[in-house]
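Trainee: Provided below: data_29.txt, containing compact mmCIF, N, CA and C atoms.
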# COMPACT_ATOMS: atom_id res chain seq x y z
N GLY A 199 0.81 -1.19 0.00
CA GLY A 199 0.00 0.00 0.00
C GLY A 199 0.85 1.24 0.00
N ALA A 200 0.21 2.34 -0.23
CA ALA A 200 0.92 3.63 -0.25
C ALA A 200 -0.02 4.73 0.24
N SER A 201 0.57 5.69 0.90
CA SER A 201 -0.17 6.89 1.31
C SER A 201 0.25 8.01 0.37
N ILE A 202 -0.66 8.41 -0.51
CA ILE A 202 -0.30 9.41 -1.51
C ILE A 202 -1.24 10.61 -1.53
N GLY A 203 -1.88 10.87 -0.40
CA GLY A 203 -2.82 11.98 -0.34
C GLY A 203 -2.20 13.32 -0.65
N THR A 204 -1.04 13.61 -0.07
CA THR A 204 -0.38 14.89 -0.32
C THR A 204 0.01 15.01 -1.78
N ARG A 205 0.53 13.92 -2.36
CA ARG A 205 0.96 13.96 -3.77
C ARG A 205 -0.23 14.22 -4.68
N LEU A 206 -1.36 13.60 -4.39
CA LEU A 206 -2.54 13.82 -5.23
C LEU A 206 -3.17 15.18 -4.96
N TRP A 207 -3.02 15.71 -3.75
CA TRP A 207 -3.50 17.06 -3.47
C TRP A 207 -2.69 18.06 -4.30
N ALA A 208 -1.42 17.72 -4.57
CA ALA A 208 -0.57 18.57 -5.40
C ALA A 208 -0.63 18.11 -6.85
N SER A 209 -1.85 17.88 -7.34
CA SER A 209 -2.01 17.50 -8.75
C SER A 209 -2.95 18.49 -9.43
N LYS A 210 -2.89 18.51 -10.74
CA LYS A 210 -3.70 19.45 -11.52
C LYS A 210 -5.19 19.24 -11.31
N GLU A 211 -5.60 17.99 -11.08
CA GLU A 211 -7.03 17.70 -10.94
C GLU A 211 -7.57 17.97 -9.54
N SER A 212 -6.72 18.25 -8.60
CA SER A 212 -7.12 18.45 -7.22
C SER A 212 -8.09 19.61 -7.08
N LEU A 213 -8.99 19.48 -6.14
CA LEU A 213 -9.93 20.57 -5.85
C LEU A 213 -9.33 21.53 -4.82
N GLY A 214 -8.08 21.28 -4.43
CA GLY A 214 -7.42 22.13 -3.45
C GLY A 214 -7.19 23.54 -3.97
N ASN A 215 -7.04 24.45 -3.06
CA ASN A 215 -6.79 25.85 -3.38
C ASN A 215 -5.42 25.97 -4.07
N PRO A 216 -5.38 26.49 -5.31
CA PRO A 216 -4.12 26.56 -6.05
C PRO A 216 -3.02 27.36 -5.33
N LYS A 217 -3.39 28.41 -4.63
CA LYS A 217 -2.38 29.21 -3.91
C LYS A 217 -1.77 28.37 -2.79
N LEU A 218 -2.58 27.60 -2.10
CA LEU A 218 -2.07 26.76 -1.02
C LEU A 218 -1.32 25.55 -1.57
N GLN A 219 -1.75 25.05 -2.73
CA GLN A 219 -1.02 23.96 -3.39
C GLN A 219 0.42 24.35 -3.63
N GLN A 220 0.66 25.59 -4.00
CA GLN A 220 2.01 26.05 -4.29
C GLN A 220 2.94 25.92 -3.08
N GLU A 221 2.36 25.95 -1.88
CA GLU A 221 3.17 25.78 -0.67
C GLU A 221 3.73 24.37 -0.59
N LEU A 222 3.03 23.41 -1.19
CA LEU A 222 3.47 22.01 -1.14
C LEU A 222 4.72 21.77 -1.98
N ILE A 223 4.96 22.60 -2.97
CA ILE A 223 6.09 22.36 -3.86
C ILE A 223 7.29 23.25 -3.54
N LYS A 224 7.22 23.95 -2.44
CA LYS A 224 8.38 24.73 -2.00
C LYS A 224 9.40 23.77 -1.39
N ASP A 225 10.51 24.29 -0.96
CA ASP A 225 11.59 23.46 -0.42
C ASP A 225 11.22 22.99 0.99
N ASN A 226 10.37 21.96 1.07
CA ASN A 226 9.91 21.43 2.34
C ASN A 226 10.59 20.10 2.65
N SER A 227 10.51 19.70 3.90
CA SER A 227 10.97 18.37 4.30
C SER A 227 9.97 17.82 5.30
N CYS A 228 10.19 16.58 5.72
CA CYS A 228 9.28 15.98 6.71
C CYS A 228 9.30 16.78 8.01
N ASP A 229 10.37 17.50 8.28
CA ASP A 229 10.45 18.31 9.50
C ASP A 229 9.55 19.54 9.46
N ASP A 230 9.03 19.86 8.28
CA ASP A 230 8.13 21.00 8.15
C ASP A 230 6.67 20.62 8.39
N VAL A 231 6.43 19.34 8.66
CA VAL A 231 5.08 18.84 8.88
C VAL A 231 4.87 18.62 10.38
N ILE A 232 3.74 19.06 10.86
CA ILE A 232 3.40 18.89 12.27
C ILE A 232 2.09 18.11 12.36
N ARG A 233 1.98 17.24 13.35
CA ARG A 233 0.70 16.58 13.67
C ARG A 233 0.07 17.42 14.76
N THR A 234 -1.14 17.91 14.52
CA THR A 234 -1.76 18.83 15.46
C THR A 234 -3.29 18.74 15.39
N THR A 235 -3.92 19.11 16.49
CA THR A 235 -5.38 19.25 16.51
C THR A 235 -5.80 20.72 16.45
N VAL A 236 -4.83 21.62 16.42
CA VAL A 236 -5.11 23.06 16.43
C VAL A 236 -6.03 23.45 15.29
N PHE A 237 -5.71 23.01 14.08
CA PHE A 237 -6.52 23.41 12.93
C PHE A 237 -7.91 22.79 12.98
N ASP A 238 -8.01 21.55 13.46
CA ASP A 238 -9.34 20.94 13.63
C ASP A 238 -10.19 21.77 14.59
N GLN A 239 -9.60 22.16 15.70
CA GLN A 239 -10.35 22.90 16.71
C GLN A 239 -10.81 24.25 16.16
N ILE A 240 -9.94 24.94 15.45
CA ILE A 240 -10.33 26.24 14.88
C ILE A 240 -11.38 26.05 13.79
N GLN A 241 -11.13 25.13 12.88
CA GLN A 241 -12.05 24.93 11.76
C GLN A 241 -13.40 24.37 12.21
N ASN A 242 -13.43 23.62 13.30
CA ASN A 242 -14.70 23.15 13.83
C ASN A 242 -15.60 24.31 14.26
N GLU A 243 -14.99 25.36 14.74
CA GLU A 243 -15.76 26.54 15.16
C GLU A 243 -16.36 27.27 13.96
N LEU A 244 -15.74 27.10 12.79
CA LEU A 244 -16.20 27.80 11.58
C LEU A 244 -17.08 26.94 10.69
N SER A 245 -17.12 25.65 10.96
CA SER A 245 -17.81 24.71 10.08
C SER A 245 -19.25 24.46 10.50
N SER A 246 -20.12 24.30 9.51
CA SER A 246 -21.50 23.92 9.80
C SER A 246 -21.59 22.42 10.08
N ILE A 247 -20.56 21.67 9.70
CA ILE A 247 -20.50 20.23 9.95
C ILE A 247 -19.16 19.93 10.63
N PRO A 248 -19.07 20.13 11.95
CA PRO A 248 -17.79 19.92 12.63
C PRO A 248 -17.43 18.44 12.76
N TRP A 249 -16.12 18.18 12.86
CA TRP A 249 -15.65 16.83 13.14
C TRP A 249 -16.10 16.45 14.54
N PRO A 250 -16.53 15.20 14.76
CA PRO A 250 -16.93 14.80 16.11
C PRO A 250 -15.71 14.66 17.02
N HIS A 251 -15.92 14.97 18.28
CA HIS A 251 -14.85 14.81 19.28
C HIS A 251 -14.84 13.38 19.77
N PRO A 252 -13.77 12.78 20.18
CA PRO A 252 -12.44 13.38 20.07
C PRO A 252 -11.90 13.16 18.67
N TYR A 253 -11.30 14.17 18.09
CA TYR A 253 -10.73 14.02 16.76
C TYR A 253 -9.24 13.79 16.88
N HIS A 254 -8.73 13.10 15.88
CA HIS A 254 -7.30 12.82 15.82
C HIS A 254 -6.60 14.08 15.32
N SER A 255 -5.34 14.01 15.10
CA SER A 255 -4.61 15.16 14.60
C SER A 255 -4.52 15.12 13.08
N VAL A 256 -4.25 16.28 12.49
CA VAL A 256 -4.01 16.35 11.05
C VAL A 256 -2.53 16.63 10.83
N GLY A 257 -2.04 16.20 9.68
CA GLY A 257 -0.70 16.58 9.26
C GLY A 257 -0.81 17.87 8.48
N ALA A 258 -0.02 18.85 8.85
CA ALA A 258 -0.08 20.15 8.19
C ALA A 258 1.32 20.77 8.16
N LEU A 259 1.54 21.63 7.16
CA LEU A 259 2.80 22.36 7.14
C LEU A 259 2.82 23.34 8.31
N ARG A 260 3.96 23.43 8.95
CA ARG A 260 4.11 24.40 10.05
C ARG A 260 3.92 25.82 9.50
N ASN A 261 3.25 26.63 10.28
CA ASN A 261 3.09 28.04 9.92
C ASN A 261 2.91 28.85 11.20
N GLN A 262 2.57 30.11 11.07
CA GLN A 262 2.44 30.97 12.26
C GLN A 262 1.40 30.43 13.24
N THR A 263 0.29 29.92 12.72
CA THR A 263 -0.76 29.41 13.60
C THR A 263 -0.28 28.20 14.39
N SER A 264 0.31 27.23 13.69
CA SER A 264 0.76 26.03 14.41
C SER A 264 1.88 26.37 15.40
N LEU A 265 2.78 27.26 15.01
CA LEU A 265 3.87 27.64 15.92
C LEU A 265 3.35 28.37 17.15
N GLU A 266 2.34 29.22 16.95
CA GLU A 266 1.78 29.97 18.08
C GLU A 266 1.10 29.06 19.09
N TRP A 267 0.46 27.99 18.61
CA TRP A 267 -0.34 27.15 19.50
C TRP A 267 0.32 25.82 19.86
N GLU A 268 1.46 25.53 19.27
CA GLU A 268 2.17 24.29 19.58
C GLU A 268 2.52 24.26 21.06
N GLY A 269 2.18 23.15 21.72
CA GLY A 269 2.49 22.99 23.13
C GLY A 269 1.47 23.58 24.08
N LYS A 270 0.49 24.29 23.55
CA LYS A 270 -0.56 24.85 24.41
C LYS A 270 -1.74 23.89 24.43
N THR A 271 -2.57 24.01 25.42
CA THR A 271 -3.69 23.08 25.57
C THR A 271 -4.88 23.47 24.72
N ALA A 272 -5.74 22.49 24.49
CA ALA A 272 -6.99 22.74 23.76
C ALA A 272 -7.85 23.75 24.52
N LYS A 273 -7.77 23.71 25.83
CA LYS A 273 -8.54 24.66 26.64
C LYS A 273 -8.03 26.09 26.42
N GLU A 274 -6.71 26.27 26.34
CA GLU A 274 -6.15 27.60 26.07
C GLU A 274 -6.59 28.11 24.71
N LEU A 275 -6.57 27.23 23.72
CA LEU A 275 -7.01 27.62 22.38
C LEU A 275 -8.49 27.96 22.39
N GLN A 276 -9.30 27.17 23.08
CA GLN A 276 -10.73 27.44 23.13
C GLN A 276 -11.01 28.78 23.79
N THR A 277 -10.25 29.11 24.81
CA THR A 277 -10.41 30.41 25.46
C THR A 277 -10.10 31.53 24.47
N ALA A 278 -9.05 31.38 23.68
CA ALA A 278 -8.72 32.38 22.67
C ALA A 278 -9.80 32.47 21.61
N ILE A 279 -10.34 31.33 21.22
CA ILE A 279 -11.43 31.31 20.23
C ILE A 279 -12.63 32.07 20.77
N ASP A 280 -12.95 31.84 22.04
CA ASP A 280 -14.14 32.44 22.66
C ASP A 280 -13.96 33.92 23.02
N LYS A 281 -12.74 34.34 23.34
CA LYS A 281 -12.56 35.67 23.91
C LYS A 281 -11.71 36.64 23.09
N THR A 282 -11.24 36.20 21.92
CA THR A 282 -10.42 37.10 21.10
C THR A 282 -10.96 37.12 19.67
N GLU A 283 -10.25 37.79 18.80
CA GLU A 283 -10.62 37.88 17.39
C GLU A 283 -10.01 36.75 16.55
N LEU A 284 -9.52 35.70 17.20
CA LEU A 284 -8.83 34.62 16.51
C LEU A 284 -9.65 34.06 15.35
N LEU A 285 -10.93 33.78 15.58
CA LEU A 285 -11.76 33.20 14.51
C LEU A 285 -11.95 34.16 13.35
N ASP A 286 -12.19 35.42 13.64
CA ASP A 286 -12.35 36.41 12.56
C ASP A 286 -11.06 36.55 11.75
N GLU A 287 -9.93 36.54 12.44
CA GLU A 287 -8.64 36.64 11.76
C GLU A 287 -8.39 35.39 10.91
N TYR A 288 -8.72 34.23 11.44
CA TYR A 288 -8.52 32.99 10.69
C TYR A 288 -9.43 32.95 9.46
N LYS A 289 -10.67 33.37 9.64
CA LYS A 289 -11.63 33.39 8.52
C LYS A 289 -11.14 34.35 7.42
N SER A 290 -10.63 35.50 7.81
CA SER A 290 -10.08 36.44 6.83
C SER A 290 -8.89 35.83 6.11
N ALA A 291 -8.06 35.12 6.85
CA ALA A 291 -6.90 34.46 6.25
C ALA A 291 -7.34 33.37 5.28
N GLN A 292 -8.42 32.66 5.61
CA GLN A 292 -8.95 31.65 4.68
C GLN A 292 -9.41 32.31 3.39
N GLU A 293 -10.13 33.41 3.51
CA GLU A 293 -10.62 34.11 2.32
C GLU A 293 -9.47 34.61 1.45
N ALA A 294 -8.35 34.98 2.09
CA ALA A 294 -7.18 35.48 1.37
C ALA A 294 -6.22 34.35 0.98
N SER A 295 -6.54 33.12 1.38
CA SER A 295 -5.64 31.97 1.15
C SER A 295 -4.24 32.25 1.69
N ASP A 296 -4.16 32.75 2.90
CA ASP A 296 -2.89 33.13 3.51
C ASP A 296 -2.20 31.90 4.10
N PRO A 297 -1.15 31.39 3.46
CA PRO A 297 -0.49 30.18 3.94
C PRO A 297 0.21 30.34 5.28
N ARG A 298 0.44 31.57 5.70
CA ARG A 298 1.08 31.79 7.00
C ARG A 298 0.13 31.48 8.14
N VAL A 299 -1.18 31.42 7.85
CA VAL A 299 -2.18 31.29 8.90
C VAL A 299 -3.02 30.02 8.77
N VAL A 300 -3.49 29.71 7.57
CA VAL A 300 -4.45 28.62 7.41
C VAL A 300 -3.78 27.26 7.33
N CYS A 301 -4.57 26.25 7.50
CA CYS A 301 -4.09 24.87 7.46
C CYS A 301 -3.75 24.46 6.03
N ILE A 302 -2.54 23.95 5.84
CA ILE A 302 -2.13 23.37 4.57
C ILE A 302 -1.87 21.90 4.85
N LEU A 303 -2.88 21.08 4.60
CA LEU A 303 -2.76 19.65 4.89
C LEU A 303 -1.57 19.07 4.16
N SER A 304 -0.82 18.24 4.85
CA SER A 304 0.39 17.68 4.26
C SER A 304 0.85 16.45 5.03
N GLY A 305 1.42 15.53 4.28
CA GLY A 305 2.06 14.38 4.89
C GLY A 305 3.56 14.56 4.87
N GLU A 306 4.26 13.62 5.49
CA GLU A 306 5.71 13.74 5.63
C GLU A 306 6.47 13.60 4.32
N GLY A 307 5.82 13.09 3.27
CA GLY A 307 6.47 12.96 1.98
C GLY A 307 6.48 14.24 1.17
N VAL A 308 6.05 15.34 1.75
CA VAL A 308 5.93 16.61 1.02
C VAL A 308 7.25 17.05 0.41
N GLY A 309 8.35 16.68 1.03
CA GLY A 309 9.66 17.07 0.51
C GLY A 309 10.01 16.44 -0.82
N GLU A 310 9.28 15.40 -1.21
CA GLU A 310 9.53 14.74 -2.49
C GLU A 310 8.74 15.37 -3.63
N ILE A 311 7.91 16.35 -3.32
CA ILE A 311 7.05 16.98 -4.32
C ILE A 311 7.69 18.29 -4.75
N ASP A 312 7.98 18.42 -6.04
CA ASP A 312 8.61 19.66 -6.50
C ASP A 312 7.86 20.34 -7.64
N HIS A 313 6.72 19.75 -8.06
CA HIS A 313 5.92 20.41 -9.08
C HIS A 313 4.50 19.84 -9.08
N ILE A 314 3.60 20.60 -9.66
CA ILE A 314 2.21 20.18 -9.80
C ILE A 314 2.11 19.46 -11.14
N GLU A 315 1.61 18.24 -11.12
CA GLU A 315 1.45 17.49 -12.37
C GLU A 315 0.11 16.76 -12.34
N GLY A 316 -0.25 16.17 -13.45
CA GLY A 316 -1.51 15.47 -13.55
C GLY A 316 -1.53 14.19 -12.72
N ALA A 317 -2.69 13.84 -12.21
CA ALA A 317 -2.84 12.63 -11.40
C ALA A 317 -2.50 11.39 -12.21
N TYR A 318 -2.82 11.39 -13.50
CA TYR A 318 -2.48 10.25 -14.35
C TYR A 318 -0.97 10.04 -14.36
N ASP A 319 -0.22 11.14 -14.52
CA ASP A 319 1.24 11.04 -14.55
C ASP A 319 1.79 10.54 -13.22
N VAL A 320 1.19 10.99 -12.12
CA VAL A 320 1.61 10.53 -10.80
C VAL A 320 1.41 9.03 -10.67
N THR A 321 0.22 8.56 -11.02
CA THR A 321 -0.06 7.13 -10.85
C THR A 321 0.73 6.28 -11.84
N LEU A 322 0.98 6.80 -13.04
CA LEU A 322 1.79 6.07 -14.01
C LEU A 322 3.21 5.90 -13.50
N ARG A 323 3.77 6.97 -12.93
CA ARG A 323 5.13 6.89 -12.39
C ARG A 323 5.19 5.91 -11.22
N ILE A 324 4.18 5.89 -10.37
CA ILE A 324 4.13 4.93 -9.26
C ILE A 324 4.14 3.51 -9.81
N GLU A 325 3.34 3.28 -10.83
CA GLU A 325 3.29 1.95 -11.44
C GLU A 325 4.65 1.57 -12.02
N GLU A 326 5.27 2.48 -12.75
CA GLU A 326 6.57 2.20 -13.37
C GLU A 326 7.63 1.92 -12.30
N GLU A 327 7.63 2.71 -11.22
CA GLU A 327 8.61 2.49 -10.16
C GLU A 327 8.36 1.17 -9.44
N ALA A 328 7.10 0.79 -9.26
CA ALA A 328 6.78 -0.48 -8.62
C ALA A 328 7.25 -1.65 -9.49
N ILE A 329 7.01 -1.57 -10.78
CA ILE A 329 7.46 -2.63 -11.70
C ILE A 329 8.98 -2.72 -11.67
N ASP A 330 9.66 -1.59 -11.67
CA ASP A 330 11.12 -1.59 -11.62
C ASP A 330 11.61 -2.25 -10.33
N CYS A 331 10.99 -1.94 -9.21
CA CYS A 331 11.38 -2.55 -7.92
C CYS A 331 11.17 -4.07 -7.96
N ILE A 332 10.04 -4.49 -8.47
CA ILE A 332 9.76 -5.93 -8.55
C ILE A 332 10.79 -6.62 -9.44
N ASN A 333 11.11 -6.01 -10.57
CA ASN A 333 12.12 -6.59 -11.46
C ASN A 333 13.48 -6.69 -10.79
N ARG A 334 13.86 -5.66 -10.04
CA ARG A 334 15.15 -5.71 -9.35
C ARG A 334 15.15 -6.76 -8.26
N LEU A 335 14.03 -6.93 -7.55
CA LEU A 335 13.94 -7.97 -6.52
C LEU A 335 14.05 -9.38 -7.11
N GLN A 336 13.53 -9.55 -8.31
CA GLN A 336 13.59 -10.87 -8.95
C GLN A 336 15.03 -11.30 -9.18
N SER A 337 15.92 -10.33 -9.40
CA SER A 337 17.32 -10.69 -9.64
C SER A 337 17.95 -11.29 -8.38
N PHE A 338 17.44 -10.96 -7.21
CA PHE A 338 17.94 -11.56 -5.98
C PHE A 338 17.48 -13.01 -5.81
N CYS A 339 16.35 -13.33 -6.43
CA CYS A 339 15.77 -14.67 -6.28
C CYS A 339 16.29 -15.66 -7.31
N SER A 340 16.92 -15.19 -8.36
CA SER A 340 17.35 -16.13 -9.40
C SER A 340 18.81 -16.47 -9.29
If you convert what's in this file into C-alpha cells, what do you get?

Mentor:
Amino acid sequence: GASIGTRLWASKESLGNPKLQQELIKDNSCDDVIRTTVFDQIQNELSSIPWPHPYHSVGALRNQTSLEWEGKTAKELQTAIDKTELLDEYKSAQEASDPRVVCILSGEGVGEIDHIEGAYDVTLRIEEEAIDCINRLQSFCS
C-alpha cells in the first residue's frame, strides 16, 4: 500500500486551493510537517458540519498558527477562540488563502514533491517504479 494523499493534493485535478497547493512544492521536508489538533479545533468553530470529538490530529505544514499554538492546551485555544478575534482573523486568512495562517494539509512525503502534475502522470510513475522494484527484486531470487 501507499499513502499518496499529499501527492494527489498537489495534482492538476485536485480541488485544493491553487495558492495553497504552491506551498506544497516549496523546499519542504518531513520536519516542516506537524501533527496537530489546532486546525481541527479552529475549523470546527467555523464549520457547519464539525468533526466529532475526540478528533485525531491532522498533518499540516508548520506556519504561524501552528507555531503559536504548539504545546498549548486545547482549553487555552478554546479560550482564545471564545474571547479574542482569533476566529475572525482565521476566517479572513482563509478568504485570502494566507499560507502563513491557514491549514495546509500535508504528509511527511511533502519534501519529495517539486511540481504540480496530472494525477495520471503521478499514478503512471508509481506503477513504473513499482514494476522496476519488482524486477530488481527478482534478480535476488534467481

Trainee: Using backbone DSSP assignments, extract all strand (DSSP E or B) residues from stretch 205-340 of chain A; output them as a list in words.

Mentor: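 Strand (DSSP E or B) assignments inside stretch 205-340 of chain A correspond to Ser209, Val231, Ile232, Arg233, Thr234, Val256, Gly257, Ala258, Leu259, Leu303 and Glu315 of chain A.
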
Trainee: What does the distance between atom CA of A:Lys289 and atom N of A:Thr263 come to in Å, to one decimal place?

Mentor: 13.1 Å

Trainee: Tell me, which residues of chain A carry DSSP alpha helix (DSSP H), written as number ranges by chain?

Mentor: A: 203-207, 216-222, 236-244, 262-267, 272-281, 284-294, 317-339

Trainee: So how many Å separate atom CA of A:Ala258 and atom N of A:Ile232, to one decimal?

Mentor: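 Spanning atom CA of A:Ala258 to atom N of A:Ile232 is a straight-line distance of 4.8 Å.
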
Trainee: With stretch 200-220 of chain A as the partner and 12 Å as the cut-off, tabulate the residues of stretch 266-319 of chain A that qualify, each row holding the nearest pair of atoms and their distance in Å to one decimal, using only C-alpha atoms, sorted by chain and rising number, as a Markdown table.

Mentor:
| residue | atom | partner | partner_atom | distance |
| --- | --- | --- | --- | --- |
| A:Ala291 | CA | A:Leu218 | CA | 11.6 |
| A:Gln292 | CA | A:Asn215 | CA | 10.2 |
| A:Glu293 | CA | A:Asn215 | CA | 10.7 |
| A:Ala294 | CA | A:Lys217 | CA | 9.5 |
| A:Ser295 | CA | A:Lys217 | CA | 6.6 |
| A:Asp296 | CA | A:Leu218 | CA | 7.9 |
| A:Pro297 | CA | A:Leu218 | CA | 6.2 |
| A:Arg298 | CA | A:Leu218 | CA | 10.0 |
| A:Val299 | CA | A:Leu218 | CA | 10.9 |
| A:Val300 | CA | A:Leu218 | CA | 9.0 |
| A:Cys301 | CA | A:Leu218 | CA | 8.9 |
| A:Ile302 | CA | A:Leu218 | CA | 6.5 |
| A:Leu303 | CA | A:Thr204 | CA | 7.4 |
| A:Ser304 | CA | A:Thr204 | CA | 5.4 |
| A:Gly305 | CA | A:Thr204 | CA | 5.8 |
| A:Glu306 | CA | A:Thr204 | CA | 8.6 |
| A:Gly307 | CA | A:Thr204 | CA | 7.5 |
| A:Val308 | CA | A:Thr204 | CA | 6.7 |
| A:Gly309 | CA | A:Arg205 | CA | 10.2 |
| A:Glu310 | CA | A:Arg205 | CA | 8.7 |
| A:Ile311 | CA | A:Arg205 | CA | 6.8 |
| A:Asp312 | CA | A:Ala208 | CA | 9.3 |
| A:His313 | CA | A:Ala208 | CA | 7.7 |
| A:Ile314 | CA | A:Ser209 | CA | 5.1 |
| A:Glu315 | CA | A:Ser209 | CA | 5.0 |
| A:Gly316 | CA | A:Lys210 | CA | 5.0 |
| A:Ala317 | CA | A:Ser209 | CA | 5.6 |
| A:Tyr318 | CA | A:Ser209 | CA | 9.2 |
| A:Asp319 | CA | A:Ser209 | CA | 9.3 |

Trainee: Please report the interatomic distance between atom CA of A:Lys224 and atom N of A:Val256 in Å with one decimal.

Mentor: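 Separation between atom CA of A:Lys224 and atom N of A:Val256: 21.0 Å.
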
Trainee: Which residues come within 8 Å of A:Trp267, counting all atoms listed in the file, excluding same-chain residues fewer than 6 positions away, as a PyMOL selection string?

Mentor: chain A and resi 236+261+275

Trainee: From the set A:Pro248, A:Ile240, A:Ile332, A:Asn226, which residue has the shortest atom-to-atom contact distance to A:Asp286, counting only C-alpha atoms?

Mentor: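 That would be A:Ile240, the residue with the smallest distance to A:Asp286.
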
Trainee: Of the candidates A:Asn333, A:Asn242, A:Ser227, A:Thr235, which shows the shortest atom-to-atom distance to A:Ile279, using only C-alpha atoms?

Mentor: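 Selected residue with least distance to A:Ile279: A:Asn242.
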
Trainee: With only N, CA and C atoms as the basis for distance, which of A:Thr234, A:Glu221, A:Ser337, A:Thr321 is at the shortest distance from A:His254?

Mentor: A:Thr234

Trainee: Show me as a VMD selection string the residues that reach within 7 Å of (5.3, 19.6, 10.7), counting only C-alpha atoms and using the file's own coordinates.

Mentor: chain A and resid 228 to 233 257 to 260

Trainee: Might I get the box with edges along x, y and z of the file that holds all atoms of stretch 229-238 of chain A listed there, padded by 5 Å on every side, given as centre and edge lengths in Å to one decimal, as lines of an AutoDock Vina configuration file?

Mentor:
center_x = 0.1
center_y = 20.0
center_z = 12.3
size_x = 30.6
size_y = 16.9
size_z = 18.4
